[in-house]
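S.K.: Contents of target.cif (mmCIF, C-alpha atoms) are given next:
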```cif
data_data
#
loop_
_atom_site.group_PDB
_atom_site.id
_atom_site.type_symbol
_atom_site.label_atom_id
_atom_site.label_comp_id
_atom_site.auth_asym_id
_atom_site.auth_seq_id
_atom_site.Cartn_x
_atom_site.Cartn_y
_atom_site.Cartn_z
ATOM 1 C CA MET F 1162 -39.827 -38.501 -12.813
ATOM 2 C CA THR F 1163 -38.757 -39.509 -16.278
ATOM 3 C CA PHE F 1164 -36.372 -42.348 -16.921
ATOM 4 C CA ASN F 1165 -34.475 -42.554 -20.180
ATOM 5 C CA VAL F 1166 -32.271 -45.057 -21.962
ATOM 6 C CA TYR F 1167 -29.133 -43.139 -20.986
ATOM 7 C CA GLN F 1168 -29.963 -43.493 -17.293
ATOM 8 C CA ALA F 1169 -30.668 -47.179 -17.787
ATOM 9 C CA SER F 1170 -27.412 -47.967 -19.545
ATOM 10 C CA ILE F 1171 -24.503 -45.541 -19.174
ATOM 11 C CA PRO F 1172 -24.284 -45.636 -15.340
ATOM 12 C CA VAL F 1173 -24.350 -49.441 -15.521
ATOM 13 C CA LEU F 1174 -21.552 -49.464 -18.104
ATOM 14 C CA LEU F 1175 -19.487 -46.989 -16.073
ATOM 15 C CA ARG F 1176 -19.920 -49.047 -12.908
ATOM 16 C CA GLY F 1177 -18.843 -52.170 -14.785
ATOM 17 C CA LEU F 1178 -15.758 -50.428 -16.189
ATOM 18 C CA ASP F 1179 -14.884 -49.098 -12.714
ATOM 19 C CA ASN F 1180 -15.214 -52.608 -11.272
ATOM 20 C CA LEU F 1181 -13.063 -54.062 -14.050
ATOM 21 C CA SER F 1182 -10.452 -51.381 -13.402
ATOM 22 C CA ALA F 1183 -10.369 -52.291 -9.704
ATOM 23 C CA ILE F 1184 -9.992 -55.987 -10.535
ATOM 24 C CA LEU F 1185 -7.136 -55.261 -12.931
ATOM 25 C CA ARG F 1186 -5.382 -53.112 -10.298
ATOM 26 C CA LYS F 1187 -5.656 -55.974 -7.806
ATOM 27 C CA ALA F 1188 -4.267 -58.399 -10.385
ATOM 28 C CA GLU F 1189 -1.374 -56.018 -11.052
ATOM 29 C CA GLN F 1190 -0.623 -55.780 -7.330
ATOM 30 C CA ASP F 1191 -0.817 -59.565 -6.987
ATOM 31 C CA ALA F 1192 1.531 -60.057 -9.939
ATOM 32 C CA ALA F 1193 4.033 -57.638 -8.400
ATOM 33 C CA ALA F 1194 3.784 -59.271 -4.957
ATOM 34 C CA ARG F 1195 4.310 -62.737 -6.440
ATOM 35 C CA ASN F 1196 7.011 -61.533 -8.863
ATOM 36 C CA ILE F 1197 4.991 -62.599 -11.905
ATOM 37 C CA ALA F 1198 5.224 -60.683 -15.167
ATOM 38 C CA PRO F 1199 1.888 -58.890 -15.819
ATOM 39 C CA GLU F 1200 1.894 -60.343 -19.352
ATOM 40 C CA VAL F 1201 1.344 -63.779 -17.819
ATOM 41 C CA PHE F 1202 -1.997 -62.635 -16.400
ATOM 42 C CA LEU F 1203 -2.926 -60.773 -19.592
ATOM 43 C CA GLN F 1204 -2.515 -63.937 -21.653
ATOM 44 C CA ALA F 1205 -4.132 -66.215 -19.049
ATOM 45 C CA ARG F 1206 -7.369 -68.120 -19.646
ATOM 46 C CA LEU F 1207 -9.614 -69.506 -16.921
ATOM 47 C CA ALA F 1208 -10.676 -72.284 -19.268
ATOM 48 C CA PRO F 1209 -9.194 -73.554 -22.535
ATOM 49 C CA ASP F 1210 -12.159 -72.335 -24.597
ATOM 50 C CA MET F 1211 -12.066 -68.770 -23.217
ATOM 51 C CA PHE F 1212 -10.361 -65.743 -24.697
ATOM 52 C CA PRO F 1213 -7.268 -64.505 -22.847
ATOM 53 C CA LEU F 1214 -7.869 -61.753 -20.290
ATOM 54 C CA LEU F 1215 -6.525 -59.086 -22.630
ATOM 55 C CA ARG F 1216 -9.117 -59.948 -25.299
ATOM 56 C CA GLN F 1217 -11.914 -60.042 -22.742
ATOM 57 C CA VAL F 1218 -10.995 -56.554 -21.502
ATOM 58 C CA GLN F 1219 -11.021 -55.357 -25.127
ATOM 59 C CA ILE F 1220 -14.512 -56.812 -25.626
ATOM 60 C CA VAL F 1221 -15.807 -55.090 -22.487
ATOM 61 C CA SER F 1222 -14.425 -51.711 -23.503
ATOM 62 C CA ASP F 1223 -15.629 -52.057 -27.107
ATOM 63 C CA THR F 1224 -19.114 -52.941 -25.854
ATOM 64 C CA ALA F 1225 -19.279 -49.876 -23.593
ATOM 65 C CA LYS F 1226 -17.895 -47.612 -26.320
ATOM 66 C CA GLY F 1227 -20.328 -48.987 -28.904
ATOM 67 C CA CYS F 1228 -23.345 -48.686 -26.631
ATOM 68 C CA ALA F 1229 -22.548 -45.067 -25.740
ATOM 69 C CA ALA F 1230 -21.968 -44.147 -29.375
ATOM 70 C CA ARG F 1231 -25.205 -45.755 -30.528
ATOM 71 C CA LEU F 1232 -27.174 -44.004 -27.793
ATOM 72 C CA ALA F 1233 -25.634 -40.687 -28.863
ATOM 73 C CA GLY F 1234 -26.570 -41.409 -32.455
ATOM 74 C CA ILE F 1235 -22.992 -41.257 -33.693
ATOM 75 C CA GLU F 1236 -20.783 -43.718 -35.506
ATOM 76 C CA VAL F 1237 -18.912 -46.098 -33.239
ATOM 77 C CA PRO F 1238 -15.268 -44.970 -33.004
ATOM 78 C CA ARG F 1239 -12.805 -47.415 -34.522
ATOM 79 C CA GLY F 1240 -9.237 -48.083 -33.490
ATOM 80 C CA CYS F 1241 -9.381 -46.208 -30.185
#
```
Translate this structure into structure tokens?
M.R.:
Amino acid sequence: MTFNVYQASIPVLLRGLDNLSAILRKAEQDAAARNIAPEVFLQARLAPDMFPLLRQVQIVSDTAKGCAARLAGIEVPRGC
């Protein structure tokens, strides 16, 4: 059985994005249950030296997008 770079990376990235999506859904539900504006969570930081949640989600998605593009041998999409 052969094992390639795609199999070693893309399923891992997809699983991570699925997990992040589930976490964000739970945060949205929690915000609604506690009557907190979702923007409060999006701008929240767990520590003063961390990026806000919104920026961290952007980094995760950019990393997955960049990895997939590089594996496909294409230019990384910008502004998506």
S.K.: Find the residue from F:Leu1214, F:Ala1183, F:Arg1239, F:Gln1190 that sits nearest to F:Lys1226; use only C-alpha atoms when measuring.
M.R.: F:Arg1239
S.K.: Need to verify the contact set: stretch 1170-1180 of chain F, 9 Å, only C-alpha atoms, exclusion of same-chain residues closer than 4 positions in sequence. Can you return it as a list in words?
M.R.: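 The filter keeps Asn1165, Val1166, Ile1184, Leu1185, Val1221, Ser1222, Thr1224, Ala1225, Cys1228 and Ala1229 of chain F.
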S.K.: Write out as a ChimeraX atom specification which residues come within 7 Å of F:Gly1227 when counting only C-alpha atoms, dropping same-chain ones fewer than 4 positions away.
M.R.: /F:1223,1231,1237
S.K.: So how far away is atom CA of F:Tyr1167 from atom CA of F:Leu1232, in Å?
M.R.: 7.1 Å
S.K.: Residue by residue, what does the PyMOL selection byres ((chain F and resi 1203) around 12) grab here? Present the result as a PyMOL selection string.
M.R.: chain F and resi 1185+1188-1189+1192+1197-1202+1204-1207+1212-1219
S.K.: Quick check, in Å to one decimal: how far apart do atom CA of F:Gly1234 and atom CA of F:Phe1164 lie?
M.R.: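 According to the coordinates, atom CA of F:Gly1234 and atom CA of F:Phe1164 are separated by 18.4 Å.
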S.K.: Could you tell me how far atom CA of F:Ala1169 lies from atom CA of F:Ala1230, in Å and to one decimal?
M.R.: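 Between atom CA of F:Ala1169 and atom CA of F:Ala1230 the gap is 14.8 Å.
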S.K.: How would stretch 1207-1219 of chain F of the given structure read as a file with all heavy atoms, as a compact mmCIF listing (two decimals), in the first residue's frame?
M.R.:
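Full text of out-v6.txt as output:
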```
# COMPACT_ATOMS: atom_id res chain seq x y z
N LEU F 1207 -7.60 34.58 25.14
CA LEU F 1207 -7.41 33.79 26.35
C LEU F 1207 -6.28 34.34 27.20
O LEU F 1207 -6.25 34.13 28.40
CB LEU F 1207 -7.15 32.32 26.00
CG LEU F 1207 -8.32 31.57 25.37
CD1 LEU F 1207 -7.91 30.17 24.99
CD2 LEU F 1207 -9.51 31.55 26.31
N ALA F 1208 -5.37 35.03 26.56
CA ALA F 1208 -4.25 35.66 27.26
C ALA F 1208 -3.95 36.97 26.55
O ALA F 1208 -4.21 37.11 25.35
CB ALA F 1208 -3.03 34.74 27.25
N PRO F 1209 -3.40 37.94 27.26
CA PRO F 1209 -3.16 39.25 26.66
C PRO F 1209 -2.25 39.23 25.43
O PRO F 1209 -2.38 40.08 24.54
CB PRO F 1209 -2.50 40.06 27.78
CG PRO F 1209 -2.87 39.36 29.04
CD PRO F 1209 -3.05 37.91 28.68
N ASP F 1210 -1.34 38.27 25.35
CA ASP F 1210 -0.41 38.23 24.23
C ASP F 1210 -0.88 37.36 23.07
O ASP F 1210 -0.14 37.12 22.12
CB ASP F 1210 0.97 37.78 24.70
CG ASP F 1210 0.99 36.37 25.26
OD1 ASP F 1210 -0.09 35.84 25.58
OD2 ASP F 1210 2.08 35.80 25.38
N MET F 1211 -2.13 36.91 23.12
CA MET F 1211 -2.69 36.08 22.04
C MET F 1211 -3.47 36.95 21.07
O MET F 1211 -3.95 38.02 21.41
CB MET F 1211 -3.64 35.03 22.62
CG MET F 1211 -2.96 33.94 23.41
SD MET F 1211 -4.14 32.77 24.08
CE MET F 1211 -4.72 31.99 22.59
N PHE F 1212 -3.61 36.44 19.84
CA PHE F 1212 -4.50 37.08 18.88
C PHE F 1212 -5.94 36.84 19.32
O PHE F 1212 -6.24 35.84 19.97
CB PHE F 1212 -4.33 36.49 17.48
CG PHE F 1212 -3.06 36.88 16.79
CD1 PHE F 1212 -2.20 35.90 16.32
CD2 PHE F 1212 -2.73 38.20 16.57
CE1 PHE F 1212 -1.02 36.23 15.67
CE2 PHE F 1212 -1.57 38.56 15.92
CZ PHE F 1212 -0.71 37.57 15.47
N PRO F 1213 -6.86 37.71 18.91
CA PRO F 1213 -8.28 37.43 19.17
C PRO F 1213 -8.71 36.17 18.41
O PRO F 1213 -8.07 35.76 17.43
CB PRO F 1213 -9.01 38.65 18.61
CG PRO F 1213 -7.97 39.69 18.36
CD PRO F 1213 -6.66 38.99 18.26
N LEU F 1214 -9.80 35.58 18.84
CA LEU F 1214 -10.30 34.34 18.23
C LEU F 1214 -10.47 34.49 16.73
O LEU F 1214 -10.09 33.59 15.97
CB LEU F 1214 -11.62 33.92 18.88
CG LEU F 1214 -12.30 32.70 18.29
CD1 LEU F 1214 -11.42 31.46 18.42
CD2 LEU F 1214 -13.65 32.48 18.93
N LEU F 1215 -11.02 35.60 16.29
CA LEU F 1215 -11.24 35.80 14.86
C LEU F 1215 -9.95 35.68 14.06
O LEU F 1215 -9.91 35.03 13.02
CB LEU F 1215 -11.89 37.17 14.63
CG LEU F 1215 -12.38 37.46 13.24
CD1 LEU F 1215 -13.47 36.48 12.83
CD2 LEU F 1215 -12.91 38.88 13.17
N ARG F 1216 -8.88 36.26 14.55
CA ARG F 1216 -7.58 36.19 13.86
C ARG F 1216 -7.03 34.76 13.89
O ARG F 1216 -6.43 34.29 12.93
CB ARG F 1216 -6.59 37.16 14.50
CG ARG F 1216 -5.21 37.12 13.91
CD ARG F 1216 -5.18 37.70 12.49
NE ARG F 1216 -3.82 37.70 12.01
CZ ARG F 1216 -3.42 37.07 10.90
NH1 ARG F 1216 -4.30 36.45 10.14
NH2 ARG F 1216 -2.17 37.09 10.54
N GLN F 1217 -7.23 34.07 14.99
CA GLN F 1217 -6.74 32.69 15.08
C GLN F 1217 -7.48 31.78 14.10
O GLN F 1217 -6.86 30.91 13.48
CB GLN F 1217 -6.88 32.18 16.51
CG GLN F 1217 -5.92 32.90 17.45
CD GLN F 1217 -5.84 32.25 18.79
OE1 GLN F 1217 -5.84 31.03 18.90
NE2 GLN F 1217 -5.77 33.05 19.84
N VAL F 1218 -8.78 32.00 13.93
CA VAL F 1218 -9.54 31.21 12.96
C VAL F 1218 -9.02 31.52 11.55
O VAL F 1218 -8.88 30.61 10.72
CB VAL F 1218 -11.05 31.50 13.08
CG1 VAL F 1218 -11.83 30.89 11.92
CG2 VAL F 1218 -11.57 30.97 14.41
N GLN F 1219 -8.72 32.77 11.28
CA GLN F 1219 -8.19 33.15 9.96
C GLN F 1219 -6.85 32.46 9.70
O GLN F 1219 -6.60 31.97 8.61
CB GLN F 1219 -8.01 34.67 9.88
CG GLN F 1219 -7.53 35.14 8.53
CD GLN F 1219 -8.57 34.94 7.45
OE1 GLN F 1219 -9.71 35.33 7.63
NE2 GLN F 1219 -8.20 34.31 6.36
```
